[in-house]
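Colleague: The structure file work-v5.txt (compact mmCIF, C-alpha atoms (C1' of nucleotides)) is provided below.
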# COMPACT_ATOMS: atom_id res chain seq x y z
CA MET Q 150 -6.24 -4.11 33.93
CA ALA Q 151 -5.22 -0.73 32.69
CA THR Q 152 -2.51 -0.25 35.28
CA ARG Q 153 0.42 -1.09 33.06
CA THR Q 154 3.25 1.12 31.94
CA ALA Q 155 3.59 2.12 28.35
CA ALA Q 156 6.72 0.03 28.11
CA GLU Q 157 4.96 -3.05 29.36
CA ARG Q 158 2.11 -2.69 26.98
CA ARG Q 159 4.52 -2.09 24.15
CA ALA Q 160 6.46 -5.18 25.00
CA GLU Q 161 3.26 -7.18 24.84
CA ALA Q 162 2.27 -5.54 21.64
CA LYS Q 163 5.32 -6.90 19.93
CA ALA Q 164 4.00 -10.34 20.55
CA GLU Q 165 0.40 -9.64 19.56
CA TYR Q 166 0.90 -7.63 16.42
CA ASP Q 167 1.89 -9.60 13.35
CA ALA Q 168 2.05 -7.92 9.96
CA PHE Q 169 1.73 -11.31 8.28
CA PHE Q 170 -1.93 -11.19 9.18
CA ALA Q 171 -3.98 -9.09 6.81
CA GLN Q 172 -6.35 -7.92 9.52
CA CYS Q 173 -3.61 -6.86 11.91
CA PRO Q 174 -3.33 -3.08 12.28
CA SER Q 175 0.41 -3.36 11.89
CA ARG Q 176 -0.18 -4.50 8.33
CA GLN Q 177 -1.68 -1.12 7.53
CA LEU Q 178 1.19 0.61 9.25
CA LEU Q 179 3.60 -1.46 7.20
CA GLU Q 180 1.81 -0.39 4.03
CA ARG Q 181 2.06 3.20 5.15
CA ILE Q 182 5.78 3.20 5.65
CA SER Q 183 6.47 0.99 2.65
CA ASP Q 184 6.34 4.04 0.47
CA LYS Q 185 9.09 5.67 -1.50
CA TRP Q 186 8.07 9.17 -0.45
CA VAL Q 187 8.00 8.20 3.20
CA ALA Q 188 11.47 6.75 2.85
CA LEU Q 189 12.81 9.82 1.08
CA VAL Q 190 11.18 12.30 3.44
CA LEU Q 191 12.46 10.52 6.52
CA ALA Q 192 15.91 10.21 4.99
CA ALA Q 193 15.91 13.92 4.16
CA LEU Q 194 14.70 14.95 7.61
CA GLY Q 195 17.17 12.51 9.07
CA GLY Q 196 20.01 14.54 7.71
CA ASP Q 197 20.73 12.40 4.69
CA GLY Q 198 21.61 14.05 1.44
CA PRO Q 199 24.45 15.32 -0.73
CA GLY Q 200 27.41 16.40 1.34
CA THR Q 201 26.16 14.77 4.51
CA ASN Q 202 27.49 11.86 6.50
CA PRO Q 203 25.69 8.78 7.84
CA GLY Q 204 26.08 10.07 11.36
CA ASP Q 205 24.55 13.48 10.83
CA GLU Q 206 21.78 14.36 13.21
CA PRO Q 207 18.19 15.16 12.24
CA MET Q 208 17.43 18.73 11.34
CA PRO Q 209 14.24 20.70 10.81
CA MET Q 210 13.52 21.52 7.18
CA ARG Q 211 11.14 23.82 5.43
CA PHE Q 212 8.59 22.59 2.95
CA SER Q 213 10.30 24.09 -0.05
CA GLU Q 214 13.62 22.76 1.14
CA LEU Q 215 12.25 19.24 1.25
CA GLN Q 216 10.72 19.63 -2.15
CA ARG Q 217 14.02 20.78 -3.57
CA ARG Q 218 15.94 17.97 -1.94
CA ILE Q 219 13.55 15.26 -3.04
CA SER Q 220 13.51 15.85 -6.75
CA GLY Q 221 10.41 14.77 -8.59
CA VAL Q 222 8.02 14.93 -5.67
CA SER Q 223 4.84 16.84 -6.35
CA GLN Q 224 3.61 19.33 -3.81
CA LYS Q 225 0.54 17.18 -3.38
CA MET Q 226 2.46 14.05 -2.51
CA LEU Q 227 4.84 15.89 -0.25
CA THR Q 228 1.99 17.52 1.64
CA GLN Q 229 0.12 14.25 1.81
CA THR Q 230 3.14 12.33 3.04
CA LEU Q 231 4.01 14.94 5.65
CA ARG Q 232 0.43 14.99 6.92
CA ALA Q 233 0.41 11.25 7.31
CA LEU Q 234 3.74 11.28 9.10
CA GLU Q 235 2.55 14.06 11.37
CA ARG Q 236 -0.64 12.21 12.13
CA ASP Q 237 1.29 9.10 13.04
CA GLY Q 238 3.53 11.09 15.34
CA MET Q 239 6.72 10.82 13.31
CA VAL Q 240 7.19 14.48 12.45
CA THR Q 241 6.16 17.76 13.99
CA ARG Q 242 4.91 20.67 11.95
CA THR Q 243 5.85 24.14 13.12
CA VAL Q 244 4.26 27.23 11.63
CA THR Q 245 6.06 30.53 12.05
CA PRO Q 246 3.76 33.44 11.15
CA THR Q 247 6.37 35.46 9.30
CA VAL Q 248 5.51 37.57 6.29
CA PRO Q 249 5.19 34.68 3.90
CA VAL Q 250 4.34 31.87 6.25
CA THR Q 251 7.27 29.67 7.23
CA VAL Q 252 6.61 26.04 7.99
CA SER Q 253 9.24 23.60 9.15
CA TYR Q 254 9.14 19.90 9.78
CA GLU Q 255 11.20 17.94 12.23
CA LEU Q 256 11.48 14.32 13.25
CA THR Q 257 10.05 13.26 16.59
CA GLY Q 258 11.57 10.52 18.70
CA LEU Q 259 9.30 8.06 17.00
CA GLY Q 260 10.34 9.35 13.60
CA ARG Q 261 14.00 9.06 14.50
CA SER Q 262 13.47 5.46 15.48
CA LEU Q 263 12.34 4.72 11.93
CA GLN Q 264 14.61 7.13 10.13
CA GLY Q 265 17.61 4.85 10.57
CA LEU Q 266 15.88 2.00 8.79
CA MET Q 267 14.75 4.28 6.01
CA LYS Q 268 18.20 5.67 5.43
CA GLY Q 269 19.31 2.05 5.36
CA ILE Q 270 16.83 1.20 2.64
CA LYS Q 271 17.86 4.20 0.60
CA ALA Q 272 21.53 3.40 1.02
CA TRP Q 273 20.91 -0.22 0.07
CA ALA Q 274 19.24 0.82 -3.15
CA GLU Q 275 22.12 3.11 -4.00
CA GLY Q 276 24.79 0.63 -2.98
CA HIS Q 277 23.41 -2.43 -4.75
CA MET Q 278 22.22 -0.75 -7.90
CA GLU Q 279 24.91 -2.18 -10.13
CA GLU Q 280 24.59 -5.66 -8.70
CA VAL Q 281 20.88 -5.58 -9.39
CA LEU Q 282 21.40 -4.27 -12.89
CA THR Q 283 23.80 -7.12 -13.59
CA HIS Q 284 21.40 -9.80 -12.37
CA ARG Q 285 18.60 -8.11 -14.25
CA GLY Q 286 20.50 -8.19 -17.53
CA GLY Q 287 21.29 -11.88 -17.14
CA PHE Q 288 17.73 -12.71 -16.24
CA ASP Q 289 16.20 -10.92 -19.18
CA GLN Q 290 18.51 -12.75 -21.58
CA GLY Q 291 18.25 -16.16 -20.00
CA GLN Q 292 14.49 -16.21 -19.90
CA GLY Q 293 14.11 -14.96 -23.45
CA ALA Q 294 11.60 -12.73 -21.82
CA ALA Q 295 10.24 -9.44 -22.93
CA ALA Q 296 10.63 -8.30 -19.39
CA ASP Q 297 10.16 -4.61 -18.92
CA MET Z 1455 34.32 -1.79 13.52
CA ALA Z 1456 37.01 -0.93 11.09
CA THR Z 1457 36.64 -4.07 9.00
CA ARG Z 1458 34.06 -3.54 6.34
CA THR Z 1459 32.66 -6.05 3.93
CA ALA Z 1460 33.02 -5.53 0.23
CA ALA Z 1461 29.33 -4.79 0.02
CA GLU Z 1462 29.54 -2.11 2.63
CA ARG Z 1463 32.45 -0.42 0.98
CA ARG Z 1464 30.67 -0.61 -2.31
CA ALA Z 1465 27.64 1.02 -0.77
CA GLU Z 1466 29.72 3.90 0.38
CA ALA Z 1467 31.82 4.18 -2.71
CA LYS Z 1468 28.88 4.37 -5.06
CA ALA Z 1469 28.08 7.88 -4.02
CA GLU Z 1470 27.30 8.48 -7.66
CA TYR Z 1471 23.92 6.91 -7.14
CA ASP Z 1472 21.55 9.16 -5.24
CA ALA Z 1473 17.92 8.24 -4.79
CA PHE Z 1474 17.08 11.88 -4.09
CA PHE Z 1475 17.43 12.46 -7.81
CA ALA Z 1476 14.37 11.46 -9.75
CA GLN Z 1477 16.38 10.36 -12.78
CA CYS Z 1478 18.79 8.20 -10.81
CA PRO Z 1479 18.28 4.46 -11.38
CA SER Z 1480 18.47 3.91 -7.65
CA ARG Z 1481 15.24 5.87 -7.33
CA GLN Z 1482 13.46 3.16 -9.31
CA LEU Z 1483 15.09 0.48 -7.22
CA LEU Z 1484 13.94 2.30 -4.10
CA GLU Z 1485 10.41 2.36 -5.45
CA ARG Z 1486 10.63 -1.34 -6.14
CA ILE Z 1487 11.65 -2.32 -2.65
CA SER Z 1488 9.38 0.22 -0.98
CA ASP Z 1489 6.54 -2.21 -1.33
CA LYS Z 1490 4.62 -4.02 1.36
CA TRP Z 1491 4.65 -7.30 -0.54
CA VAL Z 1492 8.38 -7.11 -1.07
CA ALA Z 1493 8.86 -6.50 2.61
CA LEU Z 1494 6.61 -9.38 3.62
CA VAL Z 1495 8.06 -11.83 1.11
CA LEU Z 1496 11.62 -11.06 2.13
CA ALA Z 1497 10.68 -11.29 5.79
CA ALA Z 1498 9.01 -14.64 5.21
CA LEU Z 1499 11.90 -16.03 3.19
CA GLY Z 1500 14.23 -14.60 5.79
CA GLY Z 1501 12.82 -16.94 8.37
CA ASP Z 1502 10.51 -14.46 10.03
CA GLY Z 1503 7.08 -15.54 11.16
CA PRO Z 1504 5.08 -16.99 14.04
CA GLY Z 1505 7.19 -19.11 16.30
CA THR Z 1506 10.46 -17.95 14.83
CA ASN Z 1507 13.25 -15.90 16.34
CA PRO Z 1508 15.01 -12.84 14.98
CA GLY Z 1509 18.15 -14.85 14.43
CA ASP Z 1510 16.61 -17.62 12.38
CA GLU Z 1511 18.33 -18.32 9.11
CA PRO Z 1512 16.76 -18.03 5.66
CA MET Z 1513 14.94 -21.05 4.38
CA PRO Z 1514 13.53 -22.05 0.99
CA MET Z 1515 9.77 -21.92 0.81
CA ARG Z 1516 7.20 -23.18 -1.62
CA PHE Z 1517 4.77 -20.89 -3.34
CA SER Z 1518 1.75 -22.11 -1.44
CA GLU Z 1519 3.67 -21.89 1.79
CA LEU Z 1520 4.44 -18.24 1.15
CA GLN Z 1521 0.85 -17.55 0.24
CA ARG Z 1522 -0.33 -19.13 3.45
CA ARG Z 1523 2.19 -17.25 5.55
CA ILE Z 1524 1.44 -13.89 4.01
CA SER Z 1525 -2.26 -13.67 4.54
CA GLY Z 1526 -4.19 -11.51 2.14
CA VAL Z 1527 -1.76 -11.68 -0.75
CA SER Z 1528 -3.34 -12.57 -4.05
CA GLN Z 1529 -1.65 -15.16 -6.21
CA LYS Z 1530 -1.17 -12.49 -8.81
CA MET Z 1531 0.71 -10.15 -6.50
CA LEU Z 1532 2.78 -12.95 -5.01
CA THR Z 1533 3.81 -14.20 -8.44
CA GLN Z 1534 4.51 -10.69 -9.61
CA THR Z 1535 6.57 -9.85 -6.55
CA LEU Z 1536 8.56 -13.07 -6.72
CA ARG Z 1537 9.28 -12.52 -10.42
CA ALA Z 1538 10.55 -9.04 -9.76
CA LEU Z 1539 12.72 -10.24 -6.89
CA GLU Z 1540 14.07 -13.06 -9.02
CA ARG Z 1541 14.81 -10.69 -11.85
CA ASP Z 1542 16.70 -8.39 -9.54
CA GLY Z 1543 18.73 -11.28 -8.21
CA MET Z 1544 17.28 -11.38 -4.73
CA VAL Z 1545 15.64 -14.78 -4.84
CA THR Z 1546 16.19 -17.98 -6.78
CA ARG Z 1547 13.36 -20.03 -8.19
CA THR Z 1548 13.76 -23.78 -8.21
CA VAL Z 1549 11.37 -26.03 -10.08
CA THR Z 1550 11.20 -29.69 -9.12
CA PRO Z 1551 9.31 -31.70 -11.74
CA THR Z 1552 7.38 -33.86 -9.33
CA VAL Z 1553 3.84 -35.01 -10.06
CA PRO Z 1554 2.22 -31.71 -9.26
CA VAL Z 1555 5.07 -29.32 -9.94
CA THR Z 1556 6.95 -28.17 -6.85
CA VAL Z 1557 8.50 -24.72 -6.89
CA SER Z 1558 10.56 -23.28 -4.10
CA TYR Z 1559 12.04 -19.88 -3.54
CA GLU Z 1560 15.15 -19.00 -1.63
CA LEU Z 1561 17.03 -15.83 -0.82
CA THR Z 1562 20.29 -15.16 -2.61
CA GLY Z 1563 23.18 -13.34 -0.99
CA LEU Z 1564 21.82 -10.11 -2.36
CA GLY Z 1565 18.40 -10.92 -0.99
CA ARG Z 1566 19.83 -11.69 2.41
CA SER Z 1567 21.57 -8.34 2.45
CA LEU Z 1568 18.18 -6.65 2.18
CA GLN Z 1569 16.18 -9.12 4.22
CA GLY Z 1570 17.57 -7.75 7.46
CA LEU Z 1571 16.32 -4.27 6.73
CA MET Z 1572 12.93 -5.60 5.70
CA LYS Z 1573 12.52 -7.62 8.85
CA GLY Z 1574 13.47 -4.45 10.66
CA ILE Z 1575 10.72 -2.48 8.96
CA LYS Z 1576 8.17 -5.16 9.72
CA ALA Z 1577 9.28 -5.38 13.32
CA TRP Z 1578 9.16 -1.61 13.64
CA ALA Z 1579 5.58 -1.53 12.44
CA GLU Z 1580 4.61 -4.22 14.91
CA GLY Z 1581 6.54 -2.72 17.79
CA HIS Z 1582 5.38 0.87 17.40
CA MET Z 1583 1.79 0.20 16.49
CA GLU Z 1584 0.31 1.40 19.76
CA GLU Z 1585 2.49 4.45 19.92
CA VAL Z 1586 1.32 5.41 16.45
CA LEU Z 1587 -2.31 4.76 17.34
CA THR Z 1588 -1.96 7.01 20.36
CA HIS Z 1589 -0.46 9.87 18.38
CA ARG Z 1590 -3.06 9.33 15.69
CA GLY Z 1591 -5.93 9.64 18.14
CA GLY Z 1592 -4.58 12.85 19.58
CA PHE Z 1593 -3.98 14.32 16.16
CA ASP Z 1594 -7.46 13.57 14.88
CA GLN Z 1595 -9.03 15.25 17.91
CA GLY Z 1596 -6.77 18.25 17.98
CA GLN Z 1597 -7.12 19.06 14.32
CA GLY Z 1598 -10.89 18.93 14.27
CA ALA Z 1599 -10.91 15.28 13.32
CA ALA Z 1600 -10.96 16.04 9.64
CA ALA Z 1601 -7.85 13.98 9.11
CA ASP Z 1602 -7.94 11.27 6.51
C1' DC D 1465 5.78 30.16 0.83
C1' DA D 1466 2.81 26.52 1.95
C1' DG D 1467 -0.99 24.03 0.85
C1' DG D 1468 -6.08 23.24 -0.16
C1' DA D 1469 -9.24 21.81 -4.02
C1' DT D 1470 -10.12 19.68 -8.59
C1' DC D 1471 -9.71 17.13 -12.49
C1' DC D 1472 -8.11 13.29 -14.66
C1' DA D 1473 -4.85 9.55 -16.60
C1' DG D 1474 -2.41 5.62 -15.41
C1' DT D 1475 -1.90 1.66 -12.97
C1' DA D 1476 -1.90 -1.23 -8.92
C1' DG D 1477 -4.10 -4.93 -7.66
C1' DG D 1478 -8.32 -8.04 -6.63
C1' DA D 1479 -11.60 -11.67 -8.62
C1' DT D 1480 -12.22 -15.16 -11.70
C1' DA D 1481 -11.34 -18.70 -15.08
C1' DC D 1482 -8.18 -21.69 -17.47
C1' DT D 1483 -3.64 -24.74 -17.98
C1' DG D 1484 0.43 -28.14 -17.54
C1' DC I 898 0.51 -26.99 -7.21
C1' DA I 899 1.94 -23.04 -9.43
C1' DG I 900 1.13 -20.40 -12.29
C1' DT I 901 -0.90 -17.42 -16.84
C1' DA I 902 -4.51 -14.55 -18.86
C1' DT I 903 -8.35 -11.35 -18.69
C1' DC I 904 -11.43 -8.15 -16.89
C1' DC I 905 -12.45 -4.36 -14.16
C1' DT I 906 -12.45 -1.15 -10.21
C1' DA I 907 -10.29 1.86 -7.02
C1' DC I 908 -6.84 4.37 -5.76
C1' DT I 909 -2.27 6.73 -6.73
C1' DG I 910 -0.41 10.50 -7.98
C1' DG I 911 0.62 14.36 -11.41
C1' DA I 912 -0.97 18.91 -13.34
C1' DT I 913 -3.33 22.98 -12.61
C1' DC I 914 -5.71 26.70 -10.37
C1' DC I 915 -6.64 29.20 -6.22
C1' DT I 916 -5.90 31.17 -1.28
C1' DG I 917 -3.94 33.24 3.18
How does this structure look as structure tokens?

Modeller:
Amino acid sequence: MATRTAAERRAEAKAEYDAFFAQCPSRQLLERISDKWVALVLAALGGDGPGTNPGDEPMPMRFSELQRRISGVSQKMLTQTLRALERDGMVTRTVTPTVPVTVSYELTGLGRSLQGLMKGIKAWAEGHMEEVLTHRGGFDQGQGAAAD
Amino acid sequence: MATRTAAERRAEAKAEYDAFFAQCPSRQLLERISDKWVALVLAALGGDGPGTNPGDEPMPMRFSELQRRISGVSQKMLTQTLRALERDGMVTRTVTPTVPVTVSYELTGLGRSLQGLMKGIKAWAEGHMEEVLTHRGGFDQGQGAAAD
DNA sequence: CAGGATCCAGTAGGATACTG
DNA sequence: CAGTATCCTACTGGATCCTG
């Protein structure tokens, strides 16, 4: 019976999909978004960054702007990540045919629904860095290990 | 909510760490936790899984139990992931010298502080799967289907 | 400016076999 | 049961060159 609303089907989906199962499509989606570049891109497009506040709203950004903000990302990985996010409906790509082409990316509703979690992950990493470093030091000594 | 926990204040205060910078230690930590196995292990140890509710509390699990729950994980990756999490102070490893050795893993306070986000990521993937598939289909057609 | 196409090194990660 | 060790492949991802 295909006469269901999107909301109804989605509600069902939550029960069917289980990322613990290797064959479940949601496992692949989980792999997709469990990526540092995805996290950083969504955080950047979500308005995160130096001089911004947790409540700042999403804003469109140009390619070069993203690349500047996310230091260390290669143009290949940035392009690749943005393509994947666009394909999955999390960002929109807008081309403005100016003299040198201008392309800007913006979060969709779907993207914004994930962006919060991603900013959370990023913030967690930043906020618990020292705690982790402390545990790490103790572990490496205690185990006599040549860890890392 | 004006009352913040120490962890939350620490997260805000440590503005010195910024994962947008490639050289920042938090970038490496972000890479570490942006991993599907990390997400699944933390979700499993966090009490997520078939027949469980979002509010379920963390519970210690044995190695084989984890491997069964997280289908598709190789023993190598599970061991590797658990070691990394232990080293970073997110899980504790307890060895009980029974006849065949019994080892159980449990979330630490630090681990629990991340487990919520990870369960969120997993739940997001499961809950938005169809929406993503829809967008994906439209994208592949519209762009000449040369995508990925 | 934005990004496609290549080449190529490093490594993630699976399969398998062995151990306490 | 819970690993450790080894081998080996496939993919990740950086560097570089080229185009509209």

Colleague: Where does chain Z meet chain I within 8 Å, residue by residue, with the nearest atom pair and distance in Å to one decimal for each, counting all atoms listed in the file, listed by chain and rising number, as a Markdown table?

Modeller:
| residue | atom | partner | partner_atom | distance |
| --- | --- | --- | --- | --- |
| Z:Phe1517 | CA | I:DA899 | C1' | 7.1 |
| Z:Ser1518 | CA | I:DC898 | C1' | 7.7 |
| Z:Thr1533 | CA | I:DG900 | C1' | 7.8 |
| Z:Pro1554 | CA | I:DC898 | C1' | 5.4 |
| Z:Val1555 | CA | I:DC898 | C1' | 5.8 |
| Z:Thr1556 | CA | I:DC898 | C1' | 6.6 |
| Z:Val1557 | CA | I:DA899 | C1' | 7.2 |

Colleague: What are the closest atom pairs, with distances in Å to one decimal, for all residues of chain D lying within 10 Å of chain Z? Consider only C-alpha atoms (C1' of nucleotides), order rows by chain and residue number, and present the result as a Markdown table.

Modeller:
| residue | atom | partner | partner_atom | distance |
| --- | --- | --- | --- | --- |
| D:DA1476 | C1' | Z:Met1531 | CA | 9.6 |
| D:DG1477 | C1' | Z:Met1531 | CA | 7.2 |
| D:DG1478 | C1' | Z:Ser1528 | CA | 7.2 |
| D:DA1479 | C1' | Z:Ser1528 | CA | 9.5 |
| D:DG1484 | C1' | Z:Val1555 | CA | 9.0 |

Colleague: So, counting all atoms listed in the file, which residue among Z:Lys1573, Z:Val1492, Z:Leu1520, Z:Gly1526 is closest to Met1544 (chain Z)?

Modeller: Z:Val1492

Colleague: How close does each residue of chain Q get to chain Z, giving the shortest atom pair and distance in Å to one decimal for every residue with an atom at most 8 Å away, counting only C-alpha atoms, sorted by chain and residue number, as JSON lines?

Modeller:
{"residue": "Q:Arg159", "atom": "CA", "partner": "Z:Gly1581", "partner_atom": "CA", "distance": 6.7}
{"residue": "Q:Ala160", "atom": "CA", "partner": "Z:Gly1581", "partner_atom": "CA", "distance": 7.6}
{"residue": "Q:Ala162", "atom": "CA", "partner": "Z:Gly1581", "partner_atom": "CA", "distance": 6.4}
{"residue": "Q:Lys163", "atom": "CA", "partner": "Z:Gly1581", "partner_atom": "CA", "distance": 4.9}
{"residue": "Q:Tyr166", "atom": "CA", "partner": "Z:Glu1580", "partner_atom": "CA", "distance": 5.3}
{"residue": "Q:Asp167", "atom": "CA", "partner": "Z:Glu1580", "partner_atom": "CA", "distance": 6.2}
{"residue": "Q:Ala168", "atom": "CA", "partner": "Z:Glu1580", "partner_atom": "CA", "distance": 6.7}
{"residue": "Q:Phe169", "atom": "CA", "partner": "Z:Ile1524", "partner_atom": "CA", "distance": 5.0}
{"residue": "Q:Phe170", "atom": "CA", "partner": "Z:Ser1525", "partner_atom": "CA", "distance": 5.3}
{"residue": "Q:Ala171", "atom": "CA", "partner": "Z:Gly1526", "partner_atom": "CA", "distance": 5.3}
{"residue": "Q:Pro174", "atom": "CA", "partner": "Z:Met1583", "partner_atom": "CA", "distance": 7.4}
{"residue": "Q:Ser175", "atom": "CA", "partner": "Z:Glu1580", "partner_atom": "CA", "distance": 5.2}
{"residue": "Q:Arg176", "atom": "CA", "partner": "Z:Ala1579", "partner_atom": "CA", "distance": 7.7}
{"residue": "Q:Leu178", "atom": "CA", "partner": "Z:Ala1579", "partner_atom": "CA", "distance": 5.8}
{"residue": "Q:Leu179", "atom": "CA", "partner": "Z:Ala1579", "partner_atom": "CA", "distance": 5.6}
{"residue": "Q:Glu180", "atom": "CA", "partner": "Z:Lys1490", "partner_atom": "CA", "distance": 5.3}
{"residue": "Q:Ser183", "atom": "CA", "partner": "Z:Ser1488", "partner_atom": "CA", "distance": 4.7}
{"residue": "Q:Asp184", "atom": "CA", "partner": "Z:Ser1488", "partner_atom": "CA", "distance": 5.1}
{"residue": "Q:Lys185", "atom": "CA", "partner": "Z:Glu1485", "partner_atom": "CA", "distance": 5.3}
{"residue": "Q:Ala188", "atom": "CA", "partner": "Z:Ser1488", "partner_atom": "CA", "distance": 7.9}
{"residue": "Q:Leu189", "atom": "CA", "partner": "Z:Phe1474", "partner_atom": "CA", "distance": 7.0}
{"residue": "Q:Gly198", "atom": "CA", "partner": "Z:Phe1474", "partner_atom": "CA", "distance": 7.5}
{"residue": "Q:Arg218", "atom": "CA", "partner": "Z:Phe1474", "partner_atom": "CA", "distance": 6.6}
{"residue": "Q:Ile219", "atom": "CA", "partner": "Z:Phe1474", "partner_atom": "CA", "distance": 5.0}
{"residue": "Q:Ser220", "atom": "CA", "partner": "Z:Phe1475", "partner_atom": "CA", "distance": 5.3}
{"residue": "Q:Gly221", "atom": "CA", "partner": "Z:Ala1476", "partner_atom": "CA", "distance": 5.3}
{"residue": "Q:Arg236", "atom": "CA", "partner": "Z:Arg1590", "partner_atom": "CA", "distance": 5.2}
{"residue": "Q:Asp237", "atom": "CA", "partner": "Z:Val1586", "partner_atom": "CA", "distance": 5.0}
{"residue": "Q:Gly238", "atom": "CA", "partner": "Z:His1589", "partner_atom": "CA", "distance": 5.2}
{"residue": "Q:Leu263", "atom": "CA", "partner": "Z:Trp1578", "partner_atom": "CA", "distance": 7.3}
{"residue": "Q:Leu266", "atom": "CA", "partner": "Z:Leu1571", "partner_atom": "CA", "distance": 6.6}
{"residue": "Q:Gly269", "atom": "CA", "partner": "Z:Leu1571", "partner_atom": "CA", "distance": 7.1}
{"residue": "Q:Ile270", "atom": "CA", "partner": "Z:Leu1571", "partner_atom": "CA", "distance": 6.8}
{"residue": "Q:Lys271", "atom": "CA", "partner": "Z:Leu1484", "partner_atom": "CA", "distance": 6.4}
{"residue": "Q:Ala272", "atom": "CA", "partner": "Z:Ala1465", "partner_atom": "CA", "distance": 6.8}
{"residue": "Q:Trp273", "atom": "CA", "partner": "Z:Ala1465", "partner_atom": "CA", "distance": 6.9}
{"residue": "Q:Ala274", "atom": "CA", "partner": "Z:Ser1480", "partner_atom": "CA", "distance": 5.5}
{"residue": "Q:Glu275", "atom": "CA", "partner": "Z:Ser1480", "partner_atom": "CA", "distance": 5.2}
{"residue": "Q:Gly276", "atom": "CA", "partner": "Z:Ala1465", "partner_atom": "CA", "distance": 3.6}
{"residue": "Q:His277", "atom": "CA", "partner": "Z:Ala1465", "partner_atom": "CA", "distance": 6.8}
{"residue": "Q:Met278", "atom": "CA", "partner": "Z:Ser1480", "partner_atom": "CA", "distance": 6.0}
{"residue": "Q:Val281", "atom": "CA", "partner": "Z:Asp1542", "partner_atom": "CA", "distance": 5.0}
{"residue": "Q:Leu282", "atom": "CA", "partner": "Z:Asp1542", "partner_atom": "CA", "distance": 7.1}
{"residue": "Q:His284", "atom": "CA", "partner": "Z:Gly1543", "partner_atom": "CA", "distance": 5.2}
{"residue": "Q:Arg285", "atom": "CA", "partner": "Z:Asp1542", "partner_atom": "CA", "distance": 5.1}
{"residue": "Q:Phe288", "atom": "CA", "partner": "Z:Arg1541", "partner_atom": "CA", "distance": 5.6}
{"residue": "Q:Asp289", "atom": "CA", "partner": "Z:Arg1541", "partner_atom": "CA", "distance": 7.5}

Colleague: In Å, with one decimal, what is the gap from CA of Gln290 (chain Q) to C1' of DT1475 (chain D)?

Modeller: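 Computing the Euclidean distance for CA of Gln290 (chain Q) and C1' of DT1475 (chain D) yields 26.4 Å.
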
Colleague: Show me, as JSON, numbers by chain, the residues that have an atom within 8 Å of Met1513 (chain Z) when counting only C-alpha atoms (C1' of nucleotides), minus same-chain residues fewer than 4 positions from it.

Modeller: {"Z": [1499, 1500, 1501, 1560, 1561]}

Colleague: So how far away is CA of Thr243 (chain Q) from C1' of DT1470 (chain D), in Å?

Modeller: 27.3 Å
